[in-house]
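S.K.: The structure that follows is given in the form of structure tokens.
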Amino acid sequence: MTTVQPKHARRLRKGFTLLEILITIAIMALLVGVVVGNLDKFFGQGQEGSAKIFVRSSLEAPLLSFRRDLGDYPTTEQGIKALIKAPEDKADQWKGPYIKVPGGKAPSDPWGEPYEYRYPGTHNTDSYDLFSKGRDKQADTPDDIGNW
């Protein structure tokens, strides 16, 4: 004895309708559009976070070691490179390198620009300013990320 199933029950077992598939694709496309549209914001925050960590902690100990050995922080002209290679006038006191970087180049910020250094600082007048010029790659603008 065979049982006859209603017509709509047989149709449900066959799979998704074209309309359901199109709606699913449209929702997925909408979600992808939102995510892709905000990727710059997500990655930009990561770059800013990396720069903040670097300027607030990465060079503090090397700069203090330089100051201990030579009596003062590097000048603005000597810059961060004084932590990598001895300044000509201080070569006899220098006990570095205080930081080790590939190729002996000064470290760069997440936007590929060298970190800026000033001593005496304009923000930290009794110490040094260490900062990234930020996304706009221009010094002394509101997006600078510094140790102040």
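Letters A, B, ... go to the chains of the structure tokens in the order shown; residues in each chain start at 1; ligands are counted from 1 in the same order.
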Leaving out Ile53 (chain A) and any residue of its chain fewer than 4 positions from it, which residues lie within 12 Å of it when counting only C-alpha atoms, given as a list in words?

M.R.: Gly46, Gln47, Glu48, Gly49, Ser57, Ser58, Leu59, Glu60, Asp109, Pro110, Leu130, Phe131, Ser132, Ile145, Gly146 and Asn147 of chain A

S.K.: Go ahead and save the residues from that selection, with N, CA and C atoms, as a compact mmCIF listing (two decimals), in the first residue's frame.

M.R.:
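So the final result, stored in out.txt, reads:
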```
# COMPACT_ATOMS: atom_id res chain seq x y z
N GLY A 46 44.71 49.62 13.62
CA GLY A 46 45.83 48.75 13.95
C GLY A 46 47.16 49.44 13.75
N GLN A 47 47.27 50.23 12.69
CA GLN A 47 48.50 50.97 12.43
C GLN A 47 48.73 52.02 13.52
N GLU A 48 47.68 52.71 13.90
CA GLU A 48 47.82 53.71 14.95
C GLU A 48 48.21 53.07 16.28
N GLY A 49 47.64 51.91 16.58
CA GLY A 49 47.99 51.20 17.80
C GLY A 49 49.45 50.78 17.81
N SER A 57 56.98 53.02 24.29
CA SER A 57 57.73 52.04 25.07
C SER A 57 58.98 51.49 24.40
N SER A 58 59.02 51.37 23.10
CA SER A 58 60.10 50.65 22.45
C SER A 58 61.47 51.32 22.57
N LEU A 59 61.53 52.63 22.56
CA LEU A 59 62.83 53.30 22.60
C LEU A 59 63.15 53.92 23.95
N GLU A 60 62.26 53.78 24.91
CA GLU A 60 62.50 54.40 26.21
C GLU A 60 63.77 53.85 26.87
N ASP A 109 57.72 54.00 10.83
CA ASP A 109 56.37 53.84 11.38
C ASP A 109 55.53 52.96 10.45
N PRO A 110 54.30 52.63 10.84
CA PRO A 110 53.47 51.75 10.00
C PRO A 110 53.16 52.29 8.61
N LEU A 130 59.25 61.83 20.80
CA LEU A 130 59.38 60.76 19.82
C LEU A 130 58.00 60.56 19.24
N PHE A 131 57.88 60.64 17.91
CA PHE A 131 56.54 60.55 17.34
C PHE A 131 56.54 60.07 15.90
N SER A 132 55.37 59.56 15.53
CA SER A 132 55.07 59.22 14.14
C SER A 132 54.26 60.38 13.58
N ILE A 145 51.28 60.88 16.36
CA ILE A 145 51.19 59.94 17.48
C ILE A 145 52.52 60.00 18.22
N GLY A 146 52.48 60.57 19.41
CA GLY A 146 53.73 60.81 20.13
C GLY A 146 53.73 60.30 21.56
N ASN A 147 54.87 60.51 22.22
CA ASN A 147 55.05 60.07 23.60
C ASN A 147 54.61 61.16 24.59
```

S.K.: Write down as an MDAnalysis selection string the residues of chain A whose backbone DSSP state falls under helix (DSSP H, G or I).

M.R.: chainID A and resid 7:13 18:58 60:70 80:83 88:90 102:104

S.K.: Can you write just those residues out, C-alpha atoms, as an mmCIF file, in the first residue's frame?

M.R.:
```cif
data_model
loop_
_atom_site.group_PDB
_atom_site.id
_atom_site.type_symbol
_atom_site.label_atom_id
_atom_site.label_comp_id
_atom_site.auth_asym_id
_atom_site.auth_seq_id
_atom_site.Cartn_x
_atom_site.Cartn_y
_atom_site.Cartn_z
ATOM 1 C CA LYS A 7 1.890 18.194 -3.535
ATOM 2 C CA HIS A 8 3.539 20.921 -1.400
ATOM 3 C CA ALA A 9 5.384 18.344 0.754
ATOM 4 C CA ARG A 10 7.109 16.880 -2.314
ATOM 5 C CA ARG A 11 8.171 20.341 -3.464
ATOM 6 C CA LEU A 12 9.830 21.146 -0.091
ATOM 7 C CA ARG A 13 12.110 18.128 -0.349
ATOM 8 C CA LEU A 18 15.472 30.293 -7.040
ATOM 9 C CA LEU A 19 13.988 33.161 -5.033
ATOM 10 C CA GLU A 20 15.511 31.868 -1.778
ATOM 11 C CA ILE A 21 18.936 31.513 -3.386
ATOM 12 C CA LEU A 22 18.768 35.047 -4.826
ATOM 13 C CA ILE A 23 17.772 36.519 -1.445
ATOM 14 C CA THR A 24 20.661 34.686 0.251
ATOM 15 C CA ILE A 25 23.134 35.960 -2.347
ATOM 16 C CA ALA A 26 21.825 39.510 -1.960
ATOM 17 C CA ILE A 27 22.236 39.387 1.842
ATOM 18 C CA MET A 28 25.761 37.998 1.516
ATOM 19 C CA ALA A 29 26.697 40.701 -1.009
ATOM 20 C CA LEU A 30 25.371 43.357 1.360
ATOM 21 C CA LEU A 31 27.440 41.981 4.251
ATOM 22 C CA VAL A 32 30.587 41.780 2.107
ATOM 23 C CA GLY A 33 30.036 45.384 1.013
ATOM 24 C CA VAL A 34 29.804 46.573 4.614
ATOM 25 C CA VAL A 35 32.961 44.687 5.647
ATOM 26 C CA VAL A 36 35.009 45.802 2.632
ATOM 27 C CA GLY A 37 33.848 49.392 3.098
ATOM 28 C CA ASN A 38 35.147 49.408 6.678
ATOM 29 C CA LEU A 39 38.459 47.581 6.167
ATOM 30 C CA ASP A 40 40.390 50.842 6.005
ATOM 31 C CA LYS A 41 39.001 51.847 9.393
ATOM 32 C CA PHE A 42 39.948 48.487 10.944
ATOM 33 C CA PHE A 43 43.474 48.461 9.507
ATOM 34 C CA GLY A 44 44.002 52.149 10.251
ATOM 35 C CA GLN A 45 43.295 51.572 13.932
ATOM 36 C CA GLY A 46 45.827 48.746 13.950
ATOM 37 C CA GLN A 47 48.498 50.973 12.428
ATOM 38 C CA GLU A 48 47.818 53.714 14.949
ATOM 39 C CA GLY A 49 47.993 51.203 17.800
ATOM 40 C CA SER A 50 51.358 49.916 16.580
ATOM 41 C CA ALA A 51 52.747 53.438 16.379
ATOM 42 C CA LYS A 52 51.487 54.238 19.904
ATOM 43 C CA ILE A 53 53.161 51.168 21.341
ATOM 44 C CA PHE A 54 56.443 51.995 19.603
ATOM 45 C CA VAL A 55 56.669 55.650 20.648
ATOM 46 C CA ARG A 56 55.573 55.024 24.228
ATOM 47 C CA SER A 57 57.732 52.037 25.066
ATOM 48 C CA SER A 58 60.103 50.655 22.446
ATOM 49 C CA GLU A 60 62.505 54.400 26.213
ATOM 50 C CA ALA A 61 65.098 51.936 27.592
ATOM 51 C CA PRO A 62 67.634 52.455 24.750
ATOM 52 C CA LEU A 63 67.391 56.249 25.132
ATOM 53 C CA LEU A 64 67.905 55.967 28.896
ATOM 54 C CA SER A 65 70.942 53.737 28.322
ATOM 55 C CA PHE A 66 72.356 56.280 25.864
ATOM 56 C CA ARG A 67 71.787 59.045 28.408
ATOM 57 C CA ARG A 68 73.465 57.012 31.163
ATOM 58 C CA ASP A 69 76.541 56.336 29.024
ATOM 59 C CA LEU A 70 76.920 59.748 27.369
ATOM 60 C CA ILE A 80 67.453 57.981 16.628
ATOM 61 C CA LYS A 81 70.431 57.018 14.471
ATOM 62 C CA ALA A 82 72.646 57.826 17.472
ATOM 63 C CA LEU A 83 71.219 54.671 19.065
ATOM 64 C CA GLU A 88 81.298 61.252 15.642
ATOM 65 C CA ASP A 89 81.897 63.565 18.608
ATOM 66 C CA LYS A 90 80.905 60.909 21.192
ATOM 67 C CA PRO A 102 68.215 45.280 10.036
ATOM 68 C CA GLY A 103 70.546 47.191 7.748
ATOM 69 C CA GLY A 104 71.373 49.782 10.391
#
```

S.K.: So the first atom is CA of Tyr115 (chain A) and the second is CA of Ala91 (chain A); what is the distance between them in Å, to one decimal place?

M.R.: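 These atoms are spaced 23.4 Å apart.
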
S.K.: If you run DSSP over the backbone, which residues in chain A end up strand (DSSP E or B)? Put them as a list in words.

M.R.: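 Answer for chain A restricted to strand (DSSP E or B) is Ser108, Pro114, Glu116, Tyr117, Arg118, Asp129, Leu130, Phe131, Ser132, Ile145 and Gly146 of chain A.
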
S.K.: What is the distance, in Å and to one decimal place, between CA of Ala139 (chain A) and CA of Ile84 (chain A)?

M.R.: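 Computing the Euclidean distance for CA of Ala139 (chain A) and CA of Ile84 (chain A) yields 23.1 Å.
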
S.K.: Calculated over only C-alpha atoms, which of the candidates A:Ile99, A:Gly112, A:Trp148, A:Thr17 has the smallest distance to Asn124 (chain A)?

M.R.: A:Trp148

S.K.: Any idea what's packed within 6 Å of region 73-79 of chain A, counting only C-alpha atoms, ignoring anything in its chain fewer than 6 positions away? Could you give it as a list of chain:residue names?

M.R.: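 The filter keeps A:Arg67, A:Tyr117, A:Arg118, A:Tyr119.
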
S.K.: Output C-alpha atoms for every residue in the selection just made, as a JSON list (two decimals), in the first residue's frame.

M.R.:
```
[["chain", "number", "residue", "atom", "x", "y", "z"],
["A", 67, "ARG", "CA", 71.79, 59.05, 28.41],
["A", 117, "TYR", "CA", 62.79, 62.64, 17.33],
["A", 118, "ARG", "CA", 63.40, 66.00, 19.00],
["A", 119, "TYR", "CA", 65.55, 66.87, 21.98]]
```

S.K.: If I take CA of Thr122 (chain A) and CA of Lys100 (chain A), how far is one from the other in Å, to one decimal?

M.R.: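 That distance, rounded to one decimal, is 27.2 Å.
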